[in-house]
Amino acid sequence: MSTFLLVHGAWHSGQCWERVVPLLEDAGHRVLTPSLTGYGDKAHLLSPEVGLDTHVDDVVGLIRDHDLTDVVLVGHSYSGLVISSAANQVPERLAHLVYLDAMVPEDGESALDVLPVTKHMIEAAEGWRIPPMPEQPAPFGLFGVTEPADVAWLRTMLSDQPVLCLTQPVHLDNPAVNAIPRTHIHCTGAVPEGVIRRPVAATQPNGTPAQVWELPTGHDCMITMPVELSELFLKLADV
């Protein structure tokens, strides 16, 4: 049995994994899908002081409080930053890092460095909070979700994103992080203008060949292709 800790991206909540959880649990694995501070059941805690460090503390605290080990830590989108800094603090508790259509930072970088288009989001922000990206015509939809019923469901879980989440830097100064195997899962559906994915280096930090998988769908693949995504996760559990 593996323990999957699935960390949602910006604006979302842990509810976004609802279609994936039973597929992993039915295969005998433990699954945790917390909502980060400011989202879902923690939406009332949204404030200007909530930042990347807050969300890293959420993840590290959960891992330590539940005494989790051999964790497959998955970060979607913005939470590629979150899982990177979390791994820096508890590398000995992690079995695998999964960057799910995610930002992949270097030490000291923020979202502004990894995805420069976030600068425009901050400039257009309503004070300290950034509203969710608007729905666009197909094939872009709302975070890559285009089915009307799915779009309506997704809207129920979206909250504003504090600017501080995008400006605080990642900390990756613990050499032990480099030993953790990584997998990158890229969603290859329509990508909005200005969103440019960094290429994945041919060799992982641990010296092994890079592992990059693709899903032919939009950004929120846990909603649009939960079965196929779960099958990829289950491959990691067998490693």
# chains A, B, ... in the order shown; residues from 1 in each chain; ligands from 1

call {"tool": "select_by_dssp", "arguments": {"residues": "range 71-131 of chain A", "states": "strand (DSSP E)", "output": "MDAnalysis selection string"}}
result
chainID A and resid 71:76 94:100 129:130

call {"tool": "write_last_selection", "arguments": {"atoms": "all heavy atoms", "output": "tab-separated table (two decimals), in the first residue's frame"}}
result
chain	number	residue	atom	x	y	z
A	71	VAL	N	5.69	8.53	1.12
A	71	VAL	CA	4.58	9.29	0.52
A	71	VAL	C	4.86	9.56	-0.96
A	71	VAL	O	5.96	9.99	-1.33
A	71	VAL	CB	4.38	10.62	1.26
A	71	VAL	CG1	3.29	11.46	0.58
A	71	VAL	CG2	4.03	10.37	2.72
A	72	VAL	N	3.85	9.33	-1.79
A	72	VAL	CA	3.86	9.82	-3.17
A	72	VAL	C	3.20	11.20	-3.12
A	72	VAL	O	1.98	11.31	-2.94
A	72	VAL	CB	3.09	8.88	-4.11
A	72	VAL	CG1	3.09	9.45	-5.54
A	72	VAL	CG2	3.70	7.48	-4.09
A	73	LEU	N	4.02	12.23	-3.23
A	73	LEU	CA	3.54	13.60	-3.06
A	73	LEU	C	3.31	14.23	-4.43
A	73	LEU	O	4.24	14.39	-5.22
A	73	LEU	CB	4.57	14.41	-2.26
A	73	LEU	CG	4.23	15.86	-1.94
A	73	LEU	CD1	2.93	15.96	-1.15
A	73	LEU	CD2	5.37	16.53	-1.18
A	74	VAL	N	2.05	14.55	-4.69
A	74	VAL	CA	1.63	15.07	-6.00
A	74	VAL	C	1.26	16.54	-5.87
A	74	VAL	O	0.46	16.92	-5.01
A	74	VAL	CB	0.41	14.28	-6.53
A	74	VAL	CG1	-0.03	14.82	-7.88
A	74	VAL	CG2	0.74	12.79	-6.62
A	75	GLY	N	1.83	17.37	-6.73
A	75	GLY	CA	1.49	18.79	-6.76
A	75	GLY	C	0.96	19.18	-8.12
A	75	GLY	O	1.63	18.97	-9.14
A	76	HIS	N	-0.25	19.73	-8.15
A	76	HIS	CA	-0.86	20.17	-9.41
A	76	HIS	C	-0.62	21.66	-9.60
A	76	HIS	O	-0.84	22.45	-8.68
A	76	HIS	CB	-2.37	19.89	-9.39
A	76	HIS	CG	-3.08	20.33	-10.62
A	76	HIS	ND1	-4.15	21.21	-10.59
A	76	HIS	CD2	-2.90	20.02	-11.94
A	76	HIS	CE1	-4.59	21.41	-11.83
A	76	HIS	NE2	-3.85	20.70	-12.67
A	94	LEU	N	9.41	10.94	1.93
A	94	LEU	CA	8.83	10.91	0.60
A	94	LEU	C	9.43	9.80	-0.25
A	94	LEU	O	10.64	9.58	-0.26
A	94	LEU	CB	9.04	12.25	-0.10
A	94	LEU	CG	8.53	13.49	0.66
A	94	LEU	CD1	8.76	14.74	-0.17
A	94	LEU	CD2	7.07	13.34	1.05
A	95	ALA	N	8.56	9.12	-1.00
A	95	ALA	CA	8.99	8.07	-1.91
A	95	ALA	C	9.07	8.58	-3.35
A	95	ALA	O	9.85	8.07	-4.16
A	95	ALA	CB	8.03	6.89	-1.85
A	96	HIS	N	8.27	9.62	-3.67
A	96	HIS	CA	8.19	10.08	-5.05
A	96	HIS	C	7.59	11.48	-5.08
A	96	HIS	O	6.69	11.79	-4.28
A	96	HIS	CB	7.32	9.13	-5.88
A	96	HIS	CG	7.74	9.02	-7.31
A	96	HIS	ND1	8.43	7.92	-7.81
A	96	HIS	CD2	7.61	9.86	-8.36
A	96	HIS	CE1	8.66	8.09	-9.10
A	96	HIS	NE2	8.17	9.27	-9.47
A	97	LEU	N	8.07	12.31	-5.98
A	97	LEU	CA	7.48	13.62	-6.25
A	97	LEU	C	6.85	13.58	-7.64
A	97	LEU	O	7.49	13.14	-8.60
A	97	LEU	CB	8.54	14.72	-6.22
A	97	LEU	CG	9.12	15.11	-4.86
A	97	LEU	CD1	10.27	16.10	-5.04
A	97	LEU	CD2	8.04	15.72	-3.97
A	98	VAL	N	5.60	14.03	-7.72
A	98	VAL	CA	4.91	14.05	-9.01
A	98	VAL	C	4.49	15.48	-9.32
A	98	VAL	O	3.73	16.10	-8.56
A	98	VAL	CB	3.67	13.14	-8.99
A	98	VAL	CG1	2.99	13.14	-10.36
A	98	VAL	CG2	4.05	11.71	-8.59
A	99	TYR	N	5.00	16.00	-10.42
A	99	TYR	CA	4.65	17.34	-10.87
A	99	TYR	C	3.57	17.20	-11.94
A	99	TYR	O	3.85	16.84	-13.09
A	99	TYR	CB	5.89	18.05	-11.42
A	99	TYR	CG	6.89	18.39	-10.33
A	99	TYR	CD1	7.87	17.47	-9.96
A	99	TYR	CD2	6.82	19.60	-9.66
A	99	TYR	CE1	8.78	17.77	-8.96
A	99	TYR	CE2	7.72	19.91	-8.65
A	99	TYR	CZ	8.70	19.00	-8.30
A	99	TYR	OH	9.60	19.30	-7.29
A	100	LEU	N	2.33	17.47	-11.54
A	100	LEU	CA	1.17	17.27	-12.41
A	100	LEU	C	0.82	18.57	-13.12
A	100	LEU	O	0.20	19.46	-12.54
A	100	LEU	CB	-0.01	16.76	-11.58
A	100	LEU	CG	-1.32	16.53	-12.33
A	100	LEU	CD1	-1.14	15.55	-13.48
A	100	LEU	CD2	-2.41	16.05	-11.38
A	129	ARG	N	-5.65	39.98	-3.60
A	129	ARG	CA	-6.26	38.72	-4.02
A	129	ARG	C	-6.48	38.69	-5.53
A	129	ARG	O	-6.88	39.68	-6.15
A	129	ARG	CB	-7.56	38.47	-3.27
A	129	ARG	CG	-8.56	39.60	-3.30
A	129	ARG	CD	-9.56	39.51	-2.15
A	129	ARG	NE	-10.32	38.27	-2.15
A	129	ARG	CZ	-11.02	37.84	-1.10
A	129	ARG	NH1	-11.05	38.55	0.03
A	129	ARG	NH2	-11.70	36.72	-1.16
A	130	ILE	N	-6.22	37.52	-6.10
A	130	ILE	CA	-6.34	37.32	-7.54
A	130	ILE	C	-7.53	36.41	-7.81
A	130	ILE	O	-7.54	35.26	-7.37
A	130	ILE	CB	-5.07	36.68	-8.12
A	130	ILE	CG1	-3.84	37.53	-7.76
A	130	ILE	CG2	-5.18	36.51	-9.63
A	130	ILE	CD1	-2.53	36.86	-8.12

call {"tool": "residues_around", "arguments": {"residues": "Asp113 in chain A", "least_positions_apart": "3", "cutoff": "12 Å", "atoms": "only C-alpha atoms", "output": "mmCIF file with C-alpha atoms, in the first residue's frame"}}
result
data_model
loop_
_atom_site.group_PDB
_atom_site.id
_atom_site.type_symbol
_atom_site.label_atom_id
_atom_site.label_comp_id
_atom_site.auth_asym_id
_atom_site.auth_seq_id
_atom_site.Cartn_x
_atom_site.Cartn_y
_atom_site.Cartn_z
ATOM 1 C CA LEU A 81 6.149 25.018 -5.795
ATOM 2 C CA MET A 103 5.479 24.610 -11.982
ATOM 3 C CA VAL A 104 8.926 23.093 -11.420
ATOM 4 C CA PRO A 105 11.145 25.592 -9.586
ATOM 5 C CA GLU A 106 14.803 25.940 -8.735
ATOM 6 C CA ASP A 107 15.984 27.090 -5.321
ATOM 7 C CA GLY A 108 14.988 30.694 -4.606
ATOM 8 C CA GLU A 109 12.484 30.987 -7.436
ATOM 9 C CA SER A 110 8.881 32.110 -7.114
ATOM 10 C CA PRO A 116 6.239 34.945 -15.930
ATOM 11 C CA VAL A 117 2.620 35.360 -17.089
ATOM 12 C CA THR A 118 1.701 35.457 -13.382
ATOM 13 C CA LYS A 119 3.066 39.022 -13.358
ATOM 14 C CA LEU A 166 3.068 33.843 -6.258
ATOM 15 C CA THR A 167 5.854 36.038 -4.885
ATOM 16 C CA GLN A 168 7.363 34.015 -2.033
ATOM 17 C CA PRO A 169 10.399 31.925 -3.069
ATOM 18 C CA VAL A 170 10.825 28.176 -2.945
ATOM 19 C CA ILE A 196 4.785 28.277 -21.320
ATOM 20 C CA ARG A 197 5.989 25.039 -19.749
ATOM 21 C CA ARG A 198 9.662 24.731 -18.945
#

call {"tool": "atom_distance", "arguments": {"atom1": "CA of Ser2 in chain A", "atom2": "CA of Val82 in chain A"}}
result
20.6 Å

call {"tool": "atom_distance", "arguments": {"atom1": "CA of Asn88 in chain A", "atom2": "CA of Ile63 in chain A"}}
result
13.0 Å

call {"tool": "residues_around", "arguments": {"residues": "Val90 in chain A", "least_positions_apart": "3", "cutoff": "10 Å", "atoms": "only C-alpha atoms", "output": "list in words"}}
result
Val60, Ile63, Arg64, Thr69, Ser85, Ala86, Ala87, Arg93, Leu94, Asn174, Ala176 and Val177 of chain A

call {"tool": "select_by_dssp", "arguments": {"residues": "chain A", "states": "helix (DSSP H, G or I)", "output": "VMD selection string"}}
result
chain A and resid 14 to 17 21 to 26 40 to 45 52 to 65 79 to 89 91 to 93 111 to 114 118 to 123 148 to 155 164 to 167 175 to 179 221 to 224 226 to 237

call {"tool": "residues_around", "arguments": {"residues": "Ala179 in chain A", "least_positions_apart": "6", "cutoff": "9 Å", "atoms": "only C-alpha atoms", "output": "number ranges by chain"}}
result
A: 91, 205-207

call {"tool": "residues_around", "arguments": {"residues": "Ala102 in chain A", "least_positions_apart": "4", "cutoff": "8 Å", "atoms": "only C-alpha atoms", "output": "MDAnalysis selection string"}}
result
chainID A and resid 75:80 186

call {"tool": "closest_residue", "arguments": {"among": "A:Val163, A:Leu142, A:Ala190, A:Ala202", "to": "Glu123 in chain A", "atoms": "only C-alpha atoms"}}
result
A:Val163

call {"tool": "atom_distance", "arguments": {"atom1": "CA of His171 in chain A", "atom2": "CA of Gln89 in chain A"}}
result
8.9 Å

call {"tool": "closest_atom_pairs", "arguments": {"of": "range 140-207 of chain A", "to": "range 17-33 of chain A", "cutoff": "12 Å", "atoms": "only C-alpha atoms", "output": "tab-separated table"}}
result
residue	atom	partner	partner_atom	distance
A:Asp150	CA	A:Arg19	CA	11.5
A:Trp153	CA	A:Glu18	CA	11.2
A:Leu154	CA	A:Trp17	CA	10.9
A:Met157	CA	A:Trp17	CA	11.2

call {"tool": "decode", "arguments": {"residues": "range 71-127 of chain A", "atoms": "C-alpha atoms", "output": "CSV table (one decimal), in the first residue's frame"}}
result
chain,number,residue,atom,x,y,z
A,71,VAL,CA,4.6,9.3,0.5
A,72,VAL,CA,3.9,9.8,-3.2
A,73,LEU,CA,3.5,13.6,-3.1
A,74,VAL,CA,1.6,15.1,-6.0
A,75,GLY,CA,1.5,18.8,-6.8
A,76,HIS,CA,-0.9,20.2,-9.4
A,77,SER,CA,0.0,23.4,-11.2
A,78,TYR,CA,1.0,26.1,-8.6
A,79,SER,CA,1.5,23.3,-6.0
A,80,GLY,CA,4.6,22.2,-7.9
A,81,LEU,CA,6.1,25.0,-5.8
A,82,VAL,CA,4.4,23.7,-2.6
A,83,ILE,CA,5.6,20.2,-2.9
A,84,SER,CA,9.2,21.3,-3.8
A,85,SER,CA,9.6,23.3,-0.6
A,86,ALA,CA,7.8,20.7,1.4
A,87,ALA,CA,10.2,18.0,0.1
A,88,ASN,CA,13.1,20.2,1.2
A,89,GLN,CA,11.8,19.9,4.8
A,90,VAL,CA,10.9,16.2,5.0
A,91,PRO,CA,12.7,14.4,2.2
A,92,GLU,CA,13.1,11.3,4.3
A,93,ARG,CA,9.3,10.8,4.4
A,94,LEU,CA,8.8,10.9,0.6
A,95,ALA,CA,9.0,8.1,-1.9
A,96,HIS,CA,8.2,10.1,-5.1
A,97,LEU,CA,7.5,13.6,-6.2
A,98,VAL,CA,4.9,14.0,-9.0
A,99,TYR,CA,4.6,17.3,-10.9
A,100,LEU,CA,1.2,17.3,-12.4
A,101,ASP,CA,1.1,19.9,-15.1
A,102,ALA,CA,3.0,21.9,-12.5
A,103,MET,CA,5.5,24.6,-12.0
A,104,VAL,CA,8.9,23.1,-11.4
A,105,PRO,CA,11.1,25.6,-9.6
A,106,GLU,CA,14.8,25.9,-8.7
A,107,ASP,CA,16.0,27.1,-5.3
A,108,GLY,CA,15.0,30.7,-4.6
A,109,GLU,CA,12.5,31.0,-7.4
A,110,SER,CA,8.9,32.1,-7.1
A,111,ALA,CA,5.9,31.6,-9.4
A,112,LEU,CA,6.9,34.8,-11.1
A,113,ASP,CA,10.2,33.2,-12.2
A,114,VAL,CA,8.8,29.9,-13.3
A,115,LEU,CA,5.7,31.3,-15.1
A,116,PRO,CA,6.2,34.9,-15.9
A,117,VAL,CA,2.6,35.4,-17.1
A,118,THR,CA,1.7,35.5,-13.4
A,119,LYS,CA,3.1,39.0,-13.4
A,120,HIS,CA,0.1,40.1,-15.4
A,121,MET,CA,-2.3,38.3,-12.9
A,122,ILE,CA,-0.7,40.3,-10.0
A,123,GLU,CA,-1.0,43.6,-11.9
A,124,ALA,CA,-4.7,42.9,-12.5
A,125,ALA,CA,-5.3,41.7,-8.9
A,126,GLU,CA,-7.9,43.2,-6.7
A,127,GLY,CA,-5.6,44.4,-4.0
